[in-house]
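Here is the structure we will look at.
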Amino acid sequence: MTELSSADPLLNGLNPQQREAVEYRGPALLIVAGAGSGKTSVLTRRIASLIRGREAWPSQILAITFTNKAAAEMRERAEQMLGAATEGMWISTFHSSCVRILRREAENFGFTKAFTIYDSHDSRTLIKRLIKETEADTYGLSVSGVAGKISRLKNELTDVDSYSRNANVNDPTEVKFLEIFRGYTRALQAANAFDFDDLIAQTVFLFRAFPHVADHYRKQFRHVMVDEYQDTNHAQYALIHELTRECADGTPGGSLTVVGDSDQSIYAFRGADIRNISEFERDFKGAHVVMLEQNYRSTQTILSAANSVISNNFDRKDKKLWTDVGDGDLIVGFTGYSAHDEAQFVVDEISALHAQGMGYNEMAVFYRTNSQTRALEEIFIRSALPYRILGGTKFYERAEIKDVLGYLVTIANPADSLAVRRILNTPKRGIGPATETGLQNYADTNQITLREALRSADSLGLGPKVSGAIAKLSGLIDEATALAESGPVADVLTRILEETGYVDLLRATRDPQDEARAENVEELLAVTKEFDKNNPEGTLIDFLTEVSLVAAADELDDASGTVSLMTLHTAKGLEYNAVFITGVEEELLPHRMSAGEPGGPAEERRLFYVGITRARKRLFVSLAMSRAQFGQTNVAMPSRYLQEIPTELIEWRQSPGMANGRDGYQSRALNARGSRYDGGFGSGELGGWGSTEGGWNSLEASPKPKTEWANRVTNKIRDNGDLELVAGDRISHADFGEGTVNQITGEGAKRVAHVKFDSAGAKKLLIKIAPIEKL
DNA sequence: TGAGGCTTGGTTTTT
DNA sequence: CCAAGCCTCA
């Protein structure tokens with residue numbers, strides 16, 4: 001081991017803990033990296049110091065991240081330090097590392113290196129067909145239920161055989177599920193395809209089944225580093241274990257460095273197991289732990305709020321983020337009357353910050369659920385503020401893109417019948433479901449693939465028109481396959497588009513959205529050209545791999561000059577000068593679905609924590625008093641997490657407890673220590689929030705909301721609380737006039753009156769807040 | 001084969 | 001309320 005002098009530029013500007021994280025040498029190292037503590041910098045410097053100190057060759061480094069973006073960032077930073085010496089390093093995501101290994105080793109276990117990667121949509125399509133075939137829906141099995149269960153099992157490394165060994169054969173539903181699981185596994189194998197979860201799980205199975213193969217990679221990767229370790233699921237954990245295990249010939253496993261922050265674990269619902277990090281020291285005996293607590297991102301005010309919130313999670317290693325940049329501004333809180341009112345606040349503050357010189361791309365708005373974008377978008381558009389929404393429908397998930405990719409997949413992997421089915425009648429060429437079934441049956445009886453069956457269309461006794469169409473399609477595939485042998489991907493795609501007329505057909509329709517679809521396809525063509533340019537040696541398979549594993553078409557370009565809107569989940573790993581966290585309400589944050597689950601509220605708290613710690617300088621938290629959801633307007637309660645921010649750190653523009661505009665007034669109830677809010681929709685009571693002046697109840701005295709948008713929702717929010725209504729009652733509504741109650745549904749605060757109005761028709765009203773009177 | 005009506009379900013989702 | 005998917009009918 002080479003001693004690094006303290007003048008080493010690699011250690012410049014590092015604090016003692018960071019330095020230790022770079023310099024420590026041993027079999028296992030856990031870097032507990034709080035938000036904004038410079039972990040990427042530490043990780044890349046650690047790599048650089050291994051190379052510079054001649055402790056490792058580049059090819060012995062394996063650095064694993066979860067996202068392409070994180071991998072790209074790490075590679076870029078490593079290149080800045082090491083230049084060409086980074087060549088040969090594996091710096092990539094879990095999934096692409098596994099694909100790389102699987103492509104090399106696929107022939108060991110019944111796949112070819114041309115295998116397809118099924119995304120979750122492909123999986124569902126397949127499962128849907130299996131459910132239909134086995135009539136499993138009559139057993140209460142749904143596509144999403146089965147897909148979710150299969151995914152969970154794979155993440156736990158349970159394959160069909162081990163599942164069947166423990167299955168309860170007396171439970172017909174379980175037997176049915178097993179049948180589908182088996183069919184699904186067979187179909188993937190027959191199609192020479194892996195789903196996302198397989199990529200990890202099959203690599204683990206490969207290593208376990210072929211120790212000499214595993215040894216090869218163990219000997220290659222002497223230094224394994226894993227980022228965001230708190231988000232690893234069991235399969236990923238096992239993969240890391242397998243990679244760093246001792247070889248059969250006694251060669252010790254490589255050194256393992258993991259970086260993570262259990263306070264930022266927000267993917268438990270996807271199988272991430274927080275114990276992987278919290279029990280790291282138990283798993284890897286002699287592991288060394290370094291804690292990075294100094295934060296280089298946020299003001300002390302923001303960090304104090306974050307610390308205070310997260311400290312409410314028990315069962316965590318205590319750590320306190322701190323900074324030496326000073327307190328900065330107070331957090332600003334706002335309570336809107338409605339989601340639109342809240343959005344108006346966000347927009348107003350963004351305009352003000354922009355007027356003070358902050359760029360739009362330095363600001364971001366976070367929310368818990370995608371459906372919250374609607375109100376925000378409306379106000380952003382109306383205010384002409386530039387914005388973009390991250391996440392949402394991904395480019396490669398669009399139907400038109402998947403159609404076109406179906407051709408490329410068919411060419412690259414002829415065994416993939418799912419892809420063949422997709423393109424069979426796309427664009428329309430008269431090959432209907434009956435023909436498809438006929439072809440599939442023919443393929444099954446003759447033990448050939450669907451692709452091969454297309455060549456025998458003549459012997460199927462189909463009409464001349466259909467046979468001709470199949471022959472033409474088959475010819476096109478052959479032709480394009482030949483082209484793909486040597487030619488660039490763009491040429492293959494161009495030929496397909498020409499022969500099928502796909503884009504022209506889209507342009508010819510009257511649906512205005514088809515123009516956008518045509519543009520998307522042309523965008524894809526541009527992507528292939530770009531790929532060809534960047535990868536002169538790249539094959540069609542390489543292209544498809546990249547496409548499958550790149551999520552959103554790299555949405556991040558920070559120079560765009562727009563405000564970014566995204567979910568709290570998407571926000572992880574990002575940072576902005578100003579951050580708005582919206583919808584900080586019970587039922588939303590924590591979300592109603594997770595509030596009852598074990599560990600749910602704690603994970604939601606971490607989500608809030610992640611949101612808070614994204615902010616560098618300014619943090620805004622906002623909520624609405626009423627929120628429309630599923631067509632109904634519900635009373636919303638401030639989130640329990642709001643109370644966990646110390647009073648003195650928030651300046652309320654309009655506080656939840658008292659929104660009547662008296663300057664300087666702050667709800668004592670809101671920030672009072674120990675006054676735990678435990679009410680909810682079902683409780684029928686307002687809980688601890690209203691103790692000063694009745695919480696939401698006092699709102700009738702409020703001044704009119706400042707935005708005209710608020711008028712869209714009734715601004716006379718009142719509390720009819722215990723107003724008793726029964727079917728047959730006559731009522732009067734402020735907007736709809738008089739009517740008769742037909743029935744009452746729901747309970748407590750959620751009681752809904754179904755009213756037939758004399759002139760306004762039938763309406764459903766939330767009794768608690770509707771502006772109604774019993775006549 | 002496509003349009004339109006009906007049902008259903010509606011957290012989050014790095015790959 | 002509202003989007004996606006399914007079914008039905010011309």
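Convention: chains lettered A, B, ... in structure tokens order; per-chain residue numbering from 1; ligands numbered from 1 as shown.
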Neighbours of DC1 of chain C within 12 Å (only C-alpha atoms (C1' of nucleotides); same-chain residues fewer than 6 positions away dropped), as a PyMOL selection string?
(chain A and resi 371+374+628-633+764) or (chain B and resi 10)
Restricting the output to N, CA and C atoms (P, O5', C5', C4', C3', O3' and C1' of nucleotides), write the selected residues as a PDB file, in the first residue's frame.
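Saved as again-v1.pdb:
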```pdb
ATOM      1  N   SER A 371     -50.694  13.145  -9.445  1.00  0.00           N
ATOM      2  CA  SER A 371     -51.955  13.822  -9.741  1.00  0.00           C
ATOM      3  C   SER A 371     -51.944  15.272  -9.263  1.00  0.00           C
ATOM      4  N   ARG A 374     -51.623  18.573 -11.747  1.00  0.00           N
ATOM      5  CA  ARG A 374     -52.661  19.244 -12.516  1.00  0.00           C
ATOM      6  C   ARG A 374     -52.860  20.700 -12.116  1.00  0.00           C
ATOM      7  N   ALA A 628     -59.272  18.474  -3.978  1.00  0.00           N
ATOM      8  CA  ALA A 628     -60.171  17.669  -4.788  1.00  0.00           C
ATOM      9  C   ALA A 628     -59.454  16.387  -5.172  1.00  0.00           C
ATOM     10  N   GLN A 629     -60.126  15.272  -4.899  1.00  0.00           N
ATOM     11  CA  GLN A 629     -59.531  14.003  -5.270  1.00  0.00           C
ATOM     12  C   GLN A 629     -60.627  13.061  -5.710  1.00  0.00           C
ATOM     13  N   PHE A 630     -60.421  12.387  -6.772  1.00  0.00           N
ATOM     14  CA  PHE A 630     -61.410  11.478  -7.317  1.00  0.00           C
ATOM     15  C   PHE A 630     -62.754  12.175  -7.448  1.00  0.00           C
ATOM     16  N   GLY A 631     -62.711  13.411  -7.858  1.00  0.00           N
ATOM     17  CA  GLY A 631     -63.949  14.109  -8.111  1.00  0.00           C
ATOM     18  C   GLY A 631     -64.613  14.684  -6.889  1.00  0.00           C
ATOM     19  N   GLN A 632     -64.044  14.422  -5.731  1.00  0.00           N
ATOM     20  CA  GLN A 632     -64.651  14.966  -4.533  1.00  0.00           C
ATOM     21  C   GLN A 632     -63.679  15.903  -3.849  1.00  0.00           C
ATOM     22  N   THR A 633     -64.225  16.939  -3.260  1.00  0.00           N
ATOM     23  CA  THR A 633     -63.380  17.857  -2.518  1.00  0.00           C
ATOM     24  C   THR A 633     -63.387  17.452  -1.050  1.00  0.00           C
ATOM     25  N   LYS A 764     -73.028  15.193  -5.901  1.00  0.00           N
ATOM     26  CA  LYS A 764     -72.592  14.558  -4.657  1.00  0.00           C
ATOM     27  C   LYS A 764     -71.878  15.622  -3.833  1.00  0.00           C
TER      28      LYS A 764
ATOM     29  P    DG B  10     -55.988   0.455  -8.328  1.00  0.00           P
ATOM     30  O5'  DG B  10     -54.989   1.680  -8.372  1.00  0.00           O
ATOM     31  C5'  DG B  10     -54.780   2.386  -9.585  1.00  0.00           C
ATOM     32  C4'  DG B  10     -54.950   3.874  -9.347  1.00  0.00           C
ATOM     33  C3'  DG B  10     -55.072   4.273  -7.883  1.00  0.00           C
ATOM     34  O3'  DG B  10     -53.771   4.461  -7.324  1.00  0.00           O
ATOM     35  C1'  DG B  10     -56.555   5.528  -9.214  1.00  0.00           C
TER      36       DG B  10
END
```
Taking only C-alpha atoms (C1' of nucleotides) into account, find every residue of chain A that has an atom no more than 9 Å from chain B, and write it out as a VMD selection string.
chain A and resid 65 to 68 93 to 96 119 196 to 197 266 to 267 269 to 270 368 to 370 548 to 551 567 to 570 588 591 to 594 630
Taking the DSSP secondary structure from the backbone, can you list the residues of segment 134-362 of chain A that are alpha helix (DSSP H), as an MDAnalysis selection string?
chainID A and resid 134 143:155 160:166 172:190 196:209 211:220 234:243 275:278 280:283 300:310 339:355
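The space between atom CA of Ile127 of chain A and atom CA of Ala191 of chain A spans 13.9 Å.
Reported to one decimal place, the separation of atom CA of Ala235 of chain A from atom CA of Phe205 of chain A is 9.9 Å.
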If you run DSSP on the backbone here, which positions in segment 213-381 of chain A get strand (DSSP E)? Please write them as a VMD selection string.
chain A and resid 223 to 226 255 to 260 288 to 292 331 to 336 363 to 367
Within 12 Å of Glu246 of chain A, counting only C-alpha atoms (C1' of nucleotides), which residues qualify if same-chain residues fewer than 2 places away don't, as a VMD selection string?
chain A and resid 27 211 to 212 214 to 219 222 241 to 244 248 to 255
Restricting the output to N, CA, C and O atoms, write the selected residues as a JSON list (two decimals), in the first residue's frame.
```json
[["chain", "number", "residue", "atom", "x", "y", "z"],
["A", 27, "PRO", "N", -11.19, -4.95, 4.05],
["A", 27, "PRO", "CA", -12.13, -5.75, 3.27],
["A", 27, "PRO", "C", -13.50, -5.10, 3.12],
["A", 27, "PRO", "O", -14.15, -5.28, 2.09],
["A", 211, "PRO", "N", -19.81, -21.92, -10.21],
["A", 211, "PRO", "CA", -18.81, -21.26, -9.35],
["A", 211, "PRO", "C", -17.58, -20.78, -10.12],
["A", 211, "PRO", "O", -17.02, -19.73, -9.79],
["A", 212, "HIS", "N", -17.21, -21.52, -11.16],
["A", 212, "HIS", "CA", -16.01, -21.08, -11.89],
["A", 212, "HIS", "C", -16.28, -19.76, -12.62],
["A", 212, "HIS", "O", -15.39, -18.94, -12.78],
["A", 214, "ALA", "N", -18.40, -17.49, -11.50],
["A", 214, "ALA", "CA", -18.40, -16.49, -10.43],
["A", 214, "ALA", "C", -16.97, -16.14, -10.06],
["A", 214, "ALA", "O", -16.64, -14.96, -9.89],
["A", 215, "ASP", "N", -16.11, -17.15, -9.95],
["A", 215, "ASP", "CA", -14.72, -16.90, -9.57],
["A", 215, "ASP", "C", -14.04, -15.96, -10.55],
["A", 215, "ASP", "O", -13.22, -15.12, -10.16],
["A", 216, "HIS", "N", -14.38, -16.12, -11.80],
["A", 216, "HIS", "CA", -13.78, -15.25, -12.81],
["A", 216, "HIS", "C", -14.05, -13.78, -12.48],
["A", 216, "HIS", "O", -13.13, -12.95, -12.52],
["A", 217, "TYR", "N", -15.31, -13.49, -12.13],
["A", 217, "TYR", "CA", -15.64, -12.09, -11.84],
["A", 217, "TYR", "C", -15.11, -11.67, -10.47],
["A", 217, "TYR", "O", -14.74, -10.53, -10.28],
["A", 218, "ARG", "N", -15.06, -12.61, -9.54],
["A", 218, "ARG", "CA", -14.49, -12.28, -8.22],
["A", 218, "ARG", "C", -13.02, -11.90, -8.35],
["A", 218, "ARG", "O", -12.54, -10.99, -7.66],
["A", 219, "LYS", "N", -12.34, -12.61, -9.23],
["A", 219, "LYS", "CA", -10.92, -12.31, -9.38],
["A", 219, "LYS", "C", -10.71, -11.03, -10.17],
["A", 219, "LYS", "O", -9.71, -10.35, -9.99],
["A", 222, "ARG", "N", -11.55, -6.54, -7.86],
["A", 222, "ARG", "CA", -10.91, -6.54, -6.55],
["A", 222, "ARG", "C", -11.46, -5.43, -5.66],
["A", 222, "ARG", "O", -11.29, -5.44, -4.46],
["A", 241, "HIS", "N", -22.80, -9.85, -2.41],
["A", 241, "HIS", "CA", -22.19, -10.90, -1.60],
["A", 241, "HIS", "C", -21.44, -11.90, -2.46],
["A", 241, "HIS", "O", -20.30, -12.27, -2.18],
["A", 242, "GLU", "N", -22.11, -12.35, -3.52],
["A", 242, "GLU", "CA", -21.50, -13.34, -4.39],
["A", 242, "GLU", "C", -20.21, -12.80, -5.01],
["A", 242, "GLU", "O", -19.22, -13.52, -5.14],
["A", 243, "LEU", "N", -20.25, -11.54, -5.37],
["A", 243, "LEU", "CA", -19.10, -10.94, -6.06],
["A", 243, "LEU", "C", -17.90, -10.78, -5.15],
["A", 243, "LEU", "O", -16.76, -10.77, -5.61],
["A", 244, "THR", "N", -18.14, -10.62, -3.86],
["A", 244, "THR", "CA", -17.02, -10.33, -2.96],
["A", 244, "THR", "C", -16.69, -11.51, -2.06],
["A", 244, "THR", "O", -16.01, -11.37, -1.05],
["A", 248, "ALA", "N", -13.13, -20.40, -4.94],
["A", 248, "ALA", "CA", -12.98, -21.82, -4.63],
["A", 248, "ALA", "C", -11.52, -22.16, -4.34],
["A", 248, "ALA", "O", -11.23, -23.02, -3.51],
["A", 249, "ASP", "N", -10.60, -21.48, -4.99],
["A", 249, "ASP", "CA", -9.18, -21.79, -4.78],
["A", 249, "ASP", "C", -8.59, -21.01, -3.60],
["A", 249, "ASP", "O", -7.38, -20.97, -3.42],
["A", 250, "GLY", "N", -9.44, -20.38, -2.84],
["A", 250, "GLY", "CA", -8.96, -19.70, -1.64],
["A", 250, "GLY", "C", -8.59, -18.25, -1.86],
["A", 250, "GLY", "O", -8.25, -17.55, -0.89],
["A", 251, "THR", "N", -8.64, -17.78, -3.10],
["A", 251, "THR", "CA", -8.38, -16.36, -3.33],
["A", 251, "THR", "C", -9.41, -15.54, -2.55],
["A", 251, "THR", "O", -10.61, -15.78, -2.70],
["A", 252, "PRO", "N", -8.97, -14.63, -1.72],
["A", 252, "PRO", "CA", -9.95, -13.86, -0.94],
["A", 252, "PRO", "C", -10.80, -12.96, -1.83],
["A", 252, "PRO", "O", -10.36, -12.57, -2.91],
["A", 253, "GLY", "N", -11.99, -12.67, -1.35],
["A", 253, "GLY", "CA", -12.88, -11.79, -2.11],
["A", 253, "GLY", "C", -12.33, -10.38, -2.18],
["A", 253, "GLY", "O", -11.44, -10.01, -1.42],
["A", 254, "GLY", "N", -12.85, -9.60, -3.12],
["A", 254, "GLY", "CA", -12.40, -8.23, -3.27],
["A", 254, "GLY", "C", -12.90, -7.37, -2.11],
["A", 254, "GLY", "O", -13.72, -7.79, -1.31],
["A", 255, "SER", "N", -12.37, -6.16, -2.04],
["A", 255, "SER", "CA", -12.81, -5.26, -0.98],
["A", 255, "SER", "C", -14.13, -4.62, -1.38],
["A", 255, "SER", "O", -14.39, -4.38, -2.56]]
```
List the neighbours of segment 491-494 of chain A out to 8 Å using only C-alpha atoms (C1' of nucleotides); skip same-chain residues closer than 3 positions along the sequence, and give me the result as a ChimeraX atom specification.
/A:408,480-481,483-484,487-488,497-498,525
